[in-house]
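Structure data (mmCIF, C-alpha atoms; chains and numbers go by the auth columns) from input08.cif:
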```
data_run
loop_
_atom_site.group_PDB
_atom_site.id
_atom_site.type_symbol
_atom_site.label_atom_id
_atom_site.label_comp_id
_atom_site.label_asym_id
_atom_site.label_seq_id
_atom_site.Cartn_x
_atom_site.Cartn_y
_atom_site.Cartn_z
_atom_site.B_iso_or_equiv
_atom_site.auth_seq_id
_atom_site.auth_asym_id
ATOM 1 C CA MET A 1 -16.721 130.318 -202.134 0.00 1 M
ATOM 2 C CA PRO A 2 -13.828 127.880 -202.329 0.00 2 M
ATOM 3 C CA THR A 3 -11.613 127.528 -199.311 0.00 3 M
ATOM 4 C CA ILE A 4 -8.057 126.316 -199.147 0.00 4 M
ATOM 5 C CA VAL A 5 -7.298 124.440 -195.944 0.00 5 M
ATOM 6 C CA VAL A 6 -3.682 124.449 -194.764 0.00 6 M
ATOM 7 C CA ASP A 7 -2.656 122.136 -191.912 0.00 7 M
ATOM 8 C CA VAL A 8 0.491 122.905 -189.943 0.00 8 M
ATOM 9 C CA MET A 9 1.896 120.588 -187.262 0.00 9 M
ATOM 10 C CA PRO A 10 4.938 120.789 -184.987 0.00 10 M
ATOM 11 C CA LYS A 11 7.786 118.714 -186.412 0.00 11 M
ATOM 12 C CA ALA A 12 7.672 115.085 -185.282 0.00 12 M
ATOM 13 C CA GLU A 13 11.126 115.237 -183.672 0.00 13 M
ATOM 14 C CA LEU A 14 10.214 118.213 -181.482 0.00 14 M
ATOM 15 C CA LEU A 15 8.468 118.137 -178.148 0.00 15 M
ATOM 16 C CA ASP A 16 4.938 119.529 -178.147 0.00 16 M
ATOM 17 C CA PRO A 17 4.375 120.686 -174.556 0.00 17 M
ATOM 18 C CA GLN A 18 0.809 121.833 -175.289 0.00 18 M
ATOM 19 C CA GLY A 19 -0.033 118.391 -176.664 0.00 19 M
ATOM 20 C CA LYS A 20 1.669 116.734 -173.696 0.00 20 M
ATOM 21 C CA ALA A 21 -0.475 118.818 -171.323 0.00 21 M
ATOM 22 C CA VAL A 22 -3.664 117.773 -173.114 0.00 22 M
ATOM 23 C CA ALA A 23 -2.562 114.116 -173.074 0.00 23 M
ATOM 24 C CA GLY A 24 -2.035 114.430 -169.303 0.00 24 M
ATOM 25 C CA ALA A 25 -5.474 115.985 -168.865 0.00 25 M
ATOM 26 C CA LEU A 26 -7.105 113.160 -170.843 0.00 26 M
ATOM 27 C CA SER A 27 -5.336 110.552 -168.771 0.00 27 M
ATOM 28 C CA ARG A 28 -6.457 112.242 -165.519 0.00 28 M
ATOM 29 C CA ARG A 29 -10.044 112.166 -166.837 0.00 29 M
ATOM 30 C CA GLY A 30 -9.733 108.418 -167.276 0.00 30 M
ATOM 31 C CA GLU A 31 -9.529 108.535 -171.074 0.00 31 M
ATOM 32 C CA GLU A 32 -6.998 105.780 -171.711 0.00 32 M
ATOM 33 C CA SER A 33 -7.559 105.251 -175.450 0.00 33 M
ATOM 34 C CA PHE A 34 -4.998 107.806 -176.574 0.00 34 M
ATOM 35 C CA THR A 35 -1.256 107.393 -176.155 0.00 35 M
ATOM 36 C CA SER A 36 -0.211 110.833 -177.328 0.00 36 M
ATOM 37 C CA VAL A 37 -1.619 114.134 -178.482 0.00 37 M
ATOM 38 C CA ARG A 38 -0.035 116.671 -180.800 0.00 38 M
ATOM 39 C CA ILE A 39 -1.526 120.059 -181.500 0.00 39 M
ATOM 40 C CA GLY A 40 -1.128 122.034 -184.682 0.00 40 M
ATOM 41 C CA LYS A 41 -2.959 124.699 -186.615 0.00 41 M
ATOM 42 C CA ARG A 42 -5.601 124.632 -189.285 0.00 42 M
ATOM 43 C CA PHE A 43 -5.897 127.656 -191.584 0.00 43 M
ATOM 44 C CA GLU A 44 -8.874 128.312 -193.824 0.00 44 M
ATOM 45 C CA LEU A 45 -8.066 130.706 -196.661 0.00 45 M
ATOM 46 C CA THR A 46 -11.153 131.933 -198.507 0.00 46 M
ATOM 47 C CA VAL A 47 -10.694 132.492 -202.225 0.00 47 M
ATOM 48 C CA GLU A 48 -12.944 134.716 -204.283 0.00 48 M
ATOM 49 C CA GLY A 49 -13.423 133.165 -207.706 0.00 49 M
ATOM 50 C CA GLU A 50 -11.750 130.073 -209.047 0.00 50 M
ATOM 51 C CA VAL A 51 -8.819 128.201 -207.547 0.00 51 M
ATOM 52 C CA ASP A 52 -6.407 127.983 -210.471 0.00 52 M
ATOM 53 C CA GLU A 53 -2.709 127.110 -210.562 0.00 53 M
ATOM 54 C CA THR A 54 -1.725 130.696 -209.669 0.00 54 M
ATOM 55 C CA VAL A 55 -3.876 130.698 -206.542 0.00 55 M
ATOM 56 C CA LEU A 56 -2.622 127.251 -205.542 0.00 56 M
ATOM 57 C CA ALA A 57 0.986 128.398 -206.001 0.00 57 M
ATOM 58 C CA ALA A 58 0.212 131.464 -203.855 0.00 58 M
ATOM 59 C CA ALA A 59 -1.326 129.223 -201.184 0.00 59 M
ATOM 60 C CA ARG A 60 1.757 126.979 -201.138 0.00 60 M
ATOM 61 C CA ARG A 61 4.042 130.017 -200.904 0.00 61 M
ATOM 62 C CA VAL A 62 1.974 131.549 -198.092 0.00 62 M
ATOM 63 C CA ALA A 63 1.804 128.208 -196.252 0.00 63 M
ATOM 64 C CA ASP A 64 5.606 127.882 -196.331 0.00 64 M
ATOM 65 C CA GLU A 65 6.575 131.508 -195.707 0.00 65 M
ATOM 66 C CA VAL A 66 3.826 132.967 -193.512 0.00 66 M
ATOM 67 C CA LEU A 67 1.589 130.313 -191.970 0.00 67 M
ATOM 68 C CA SER A 68 4.343 127.991 -190.780 0.00 68 M
ATOM 69 C CA ASN A 69 7.761 128.348 -189.210 0.00 69 M
ATOM 70 C CA SER A 70 9.889 125.821 -191.058 0.00 70 M
ATOM 71 C CA VAL A 71 12.355 125.540 -188.169 0.00 71 M
ATOM 72 C CA ILE A 72 9.781 123.958 -185.894 0.00 72 M
ATOM 73 C CA GLU A 73 6.733 123.158 -188.047 0.00 73 M
ATOM 74 C CA ASP A 74 5.745 121.211 -191.158 0.00 74 M
ATOM 75 C CA VAL A 75 2.940 121.957 -193.587 0.00 75 M
ATOM 76 C CA VAL A 76 1.209 118.565 -193.513 0.00 76 M
ATOM 77 C CA GLY A 77 -1.764 119.342 -195.724 0.00 77 M
ATOM 78 C CA LEU A 78 -3.002 121.768 -198.345 0.00 78 M
ATOM 79 C CA GLU A 79 -6.332 121.043 -199.988 0.00 79 M
ATOM 80 C CA VAL A 80 -9.167 122.842 -201.696 0.00 80 M
ATOM 81 C CA VAL A 81 -12.664 122.320 -200.287 0.00 81 M
ATOM 82 C CA GLU A 82 -16.105 123.224 -201.709 0.00 82 M
ATOM 83 C CA MET B 1 -0.311 103.425 -185.286 0.00 1 Q
ATOM 84 C CA PRO B 2 -3.687 104.879 -186.183 0.00 2 Q
ATOM 85 C CA THR B 3 -4.258 108.543 -185.533 0.00 3 Q
ATOM 86 C CA ILE B 4 -7.527 110.355 -185.026 0.00 4 Q
ATOM 87 C CA VAL B 5 -7.455 113.896 -186.392 0.00 5 Q
ATOM 88 C CA VAL B 6 -9.817 116.401 -184.771 0.00 6 Q
ATOM 89 C CA ASP B 7 -10.299 119.812 -186.401 0.00 7 Q
ATOM 90 C CA VAL B 8 -11.627 122.691 -184.322 0.00 8 Q
ATOM 91 C CA MET B 9 -12.485 126.116 -185.774 0.00 9 Q
ATOM 92 C CA PRO B 10 -13.811 129.343 -184.247 0.00 10 Q
ATOM 93 C CA LYS B 11 -17.558 129.598 -184.832 0.00 11 Q
ATOM 94 C CA ALA B 12 -18.417 131.284 -188.143 0.00 12 Q
ATOM 95 C CA GLU B 13 -20.394 134.063 -186.470 0.00 13 Q
ATOM 96 C CA LEU B 14 -17.488 135.074 -184.220 0.00 14 Q
ATOM 97 C CA LEU B 15 -14.630 137.375 -185.082 0.00 15 Q
ATOM 98 C CA ASP B 16 -11.264 135.700 -185.424 0.00 16 Q
ATOM 99 C CA PRO B 17 -8.739 138.446 -184.663 0.00 17 Q
ATOM 100 C CA GLN B 18 -5.747 136.150 -185.218 0.00 18 Q
ATOM 101 C CA GLY B 19 -7.077 135.258 -188.668 0.00 19 Q
ATOM 102 C CA LYS B 20 -7.746 138.913 -189.417 0.00 20 Q
ATOM 103 C CA ALA B 21 -4.148 139.755 -188.499 0.00 21 Q
ATOM 104 C CA VAL B 22 -2.822 137.087 -190.860 0.00 22 Q
ATOM 105 C CA ALA B 23 -5.142 138.281 -193.645 0.00 23 Q
ATOM 106 C CA GLY B 24 -3.765 141.799 -193.145 0.00 24 Q
ATOM 107 C CA ALA B 25 -0.197 140.500 -193.281 0.00 25 Q
ATOM 108 C CA LEU B 26 -0.907 138.625 -196.525 0.00 26 Q
ATOM 109 C CA SER B 27 -2.436 141.705 -198.085 0.00 27 Q
ATOM 110 C CA ARG B 28 0.588 143.819 -197.091 0.00 28 Q
ATOM 111 C CA ARG B 29 2.837 141.210 -198.751 0.00 29 Q
ATOM 112 C CA GLY B 30 0.884 141.682 -201.976 0.00 30 Q
ATOM 113 C CA GLU B 31 -0.933 138.338 -201.756 0.00 31 Q
ATOM 114 C CA GLU B 32 -4.344 139.325 -203.095 0.00 32 Q
ATOM 115 C CA SER B 33 -5.786 135.856 -203.791 0.00 33 Q
ATOM 116 C CA PHE B 34 -7.318 135.389 -200.345 0.00 34 Q
ATOM 117 C CA THR B 35 -10.274 137.363 -199.053 0.00 35 Q
ATOM 118 C CA SER B 36 -10.258 136.060 -195.503 0.00 36 Q
ATOM 119 C CA VAL B 37 -8.319 133.816 -193.161 0.00 37 Q
ATOM 120 C CA ARG B 38 -9.609 131.892 -190.176 0.00 38 Q
ATOM 121 C CA ILE B 39 -7.370 129.989 -187.803 0.00 39 Q
ATOM 122 C CA GLY B 40 -8.318 126.914 -185.853 0.00 40 Q
ATOM 123 C CA LYS B 41 -6.649 123.942 -184.271 0.00 41 Q
ATOM 124 C CA ARG B 42 -5.753 120.497 -185.483 0.00 42 Q
ATOM 125 C CA PHE B 43 -5.328 117.736 -182.911 0.00 43 Q
ATOM 126 C CA GLU B 44 -3.667 114.409 -183.642 0.00 44 Q
ATOM 127 C CA LEU B 45 -4.633 111.725 -181.123 0.00 45 Q
ATOM 128 C CA THR B 46 -2.503 108.600 -181.392 0.00 46 Q
ATOM 129 C CA VAL B 47 -4.299 105.346 -180.665 0.00 47 Q
ATOM 130 C CA GLU B 48 -2.526 102.160 -179.662 0.00 48 Q
ATOM 131 C CA GLY B 49 -4.311 99.215 -181.225 0.00 49 Q
ATOM 132 C CA GLU B 50 -7.461 99.283 -183.250 0.00 50 Q
ATOM 133 C CA VAL B 51 -9.903 102.161 -183.631 0.00 51 Q
ATOM 134 C CA ASP B 52 -13.226 100.550 -182.734 0.00 52 Q
ATOM 135 C CA GLU B 53 -16.569 102.143 -181.860 0.00 53 Q
ATOM 136 C CA THR B 54 -15.516 102.628 -178.219 0.00 54 Q
ATOM 137 C CA VAL B 55 -12.395 104.575 -179.206 0.00 55 Q
ATOM 138 C CA LEU B 56 -14.352 106.638 -181.729 0.00 56 Q
ATOM 139 C CA ALA B 57 -16.965 107.464 -179.104 0.00 57 Q
ATOM 140 C CA ALA B 58 -14.170 108.468 -176.714 0.00 58 Q
ATOM 141 C CA ALA B 59 -12.651 110.675 -179.406 0.00 59 Q
ATOM 142 C CA ARG B 60 -15.992 112.411 -180.038 0.00 60 Q
ATOM 143 C CA ARG B 61 -16.482 112.931 -176.297 0.00 61 Q
ATOM 144 C CA VAL B 62 -12.974 114.316 -175.858 0.00 62 Q
ATOM 145 C CA ALA B 63 -13.358 116.554 -178.941 0.00 63 Q
ATOM 146 C CA ASP B 64 -16.550 118.068 -177.530 0.00 64 Q
ATOM 147 C CA GLU B 65 -15.573 118.305 -173.876 0.00 65 Q
ATOM 148 C CA VAL B 66 -11.822 118.882 -173.796 0.00 66 Q
ATOM 149 C CA LEU B 67 -10.416 119.884 -177.183 0.00 67 Q
ATOM 150 C CA SER B 68 -13.022 122.498 -178.040 0.00 68 Q
ATOM 151 C CA ASN B 69 -14.907 125.202 -176.206 0.00 69 Q
ATOM 152 C CA SER B 70 -18.458 124.899 -177.516 0.00 70 Q
ATOM 153 C CA VAL B 71 -19.240 128.528 -176.666 0.00 71 Q
ATOM 154 C CA ILE B 72 -16.804 129.846 -179.253 0.00 72 Q
ATOM 155 C CA GLU B 73 -15.661 126.844 -181.316 0.00 73 Q
ATOM 156 C CA ASP B 74 -17.036 124.046 -183.484 0.00 74 Q
ATOM 157 C CA VAL B 75 -15.581 120.602 -184.045 0.00 75 Q
ATOM 158 C CA VAL B 76 -15.522 120.630 -187.859 0.00 76 Q
ATOM 159 C CA GLY B 77 -13.837 117.299 -188.481 0.00 77 Q
ATOM 160 C CA LEU B 78 -13.022 113.990 -186.852 0.00 78 Q
ATOM 161 C CA GLU B 79 -11.381 111.321 -188.962 0.00 79 Q
ATOM 162 C CA VAL B 80 -9.149 108.312 -188.612 0.00 80 Q
ATOM 163 C CA VAL B 81 -5.943 108.266 -190.644 0.00 81 Q
ATOM 164 C CA GLU B 82 -3.445 105.433 -191.361 0.00 82 Q
#
```
Using structure tokens, write down the structure that the file contains.
Amino acid sequence: MPTIVVDVMPKAELLDPQGKAVAGALSRRGEESFTSVRIGKRFELTVEGEVDETVLAAARRVADEVLSNSVIEDVVGLEVVE
Amino acid sequence: MPTIVVDVMPKAELLDPQGKAVAGALSRRGEESFTSVRIGKRFELTVEGEVDETVLAAARRVADEVLSNSVIEDVVGLEVVE
């Protein structure tokens, strides 16, 4: 069954305290390759049947209105897999 | 600066109550295109300099040991962008 993957990240200009905490943990473990970490969400929406324009429009609407909070987050990806 | 994106999802055989809640909310809004929703995490690790084999190996190690809990989650993607 096709799946639509929606990626949501905190806006670049906002602090991401959860990401900062992970970056600190990596640094304490001696992992020095990474200068910053940001944490967002990945949604997998399963679609029964074909992904046509109507379904894609619904996915975009849902991504903007339900899956993300546009005050603090951006939808950075929306793609069909399988 | 290059970024390594790590995608982590709850294991397929486990319930995802957060995803179930979102699926219920979509259905109540009249969005009938989606049969299920699963919610995972998307990590963006910023790398200063080049992404060589050492950095990639570090990213895989960190994805397995820090960013995901292998009891309940799978690392479903690890890719370099930019």
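Using all atoms listed in the file, the protein and nucleic acid residues lying no more than 8 Å from range 5-16 of chain Q, apart from those fewer than 6 places from it along its own chain, are Arg42 of chain M; Arg38, Ile39, Gly40, Lys41, Arg42, Phe43, Glu44, Leu45, Ala63, Leu67, Ser68, Ile72, Glu73, Asp74, Val75, Val76, Gly77, Leu78, Glu79, Val80 and Val81 of chain Q.
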With C-alpha atoms retained, could you export that selection as a CSV table (one decimal), in the coordinates of the input?
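Output below, filename again.csv:
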```csv
chain,number,residue,atom,x,y,z
M,42,ARG,CA,-5.6,124.6,-189.3
Q,38,ARG,CA,-9.6,131.9,-190.2
Q,39,ILE,CA,-7.4,130.0,-187.8
Q,40,GLY,CA,-8.3,126.9,-185.9
Q,41,LYS,CA,-6.6,123.9,-184.3
Q,42,ARG,CA,-5.8,120.5,-185.5
Q,43,PHE,CA,-5.3,117.7,-182.9
Q,44,GLU,CA,-3.7,114.4,-183.6
Q,45,LEU,CA,-4.6,111.7,-181.1
Q,63,ALA,CA,-13.4,116.6,-178.9
Q,67,LEU,CA,-10.4,119.9,-177.2
Q,68,SER,CA,-13.0,122.5,-178.0
Q,72,ILE,CA,-16.8,129.8,-179.3
Q,73,GLU,CA,-15.7,126.8,-181.3
Q,74,ASP,CA,-17.0,124.0,-183.5
Q,75,VAL,CA,-15.6,120.6,-184.0
Q,76,VAL,CA,-15.5,120.6,-187.9
Q,77,GLY,CA,-13.8,117.3,-188.5
Q,78,LEU,CA,-13.0,114.0,-186.9
Q,79,GLU,CA,-11.4,111.3,-189.0
Q,80,VAL,CA,-9.1,108.3,-188.6
Q,81,VAL,CA,-5.9,108.3,-190.6
```
Hits of the PyMOL selection byres ((chain Q and resi 50) around 12) in this structure, as an MDAnalysis selection string: (chainID M and resid 33:34) or (chainID Q and resid 1:4 46:49 51:56 80:82)
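Excluding Ala25 in chain Q itself and same-chain residues fewer than 6 positions from it, the residues having an atom within 12 Å of it are Val62, Glu65, Val66 and Leu67 of chain M; Gln18, Gly19, Glu31, Glu32, Phe34, Ser36 and Val37 of chain Q, counting only C-alpha atoms.
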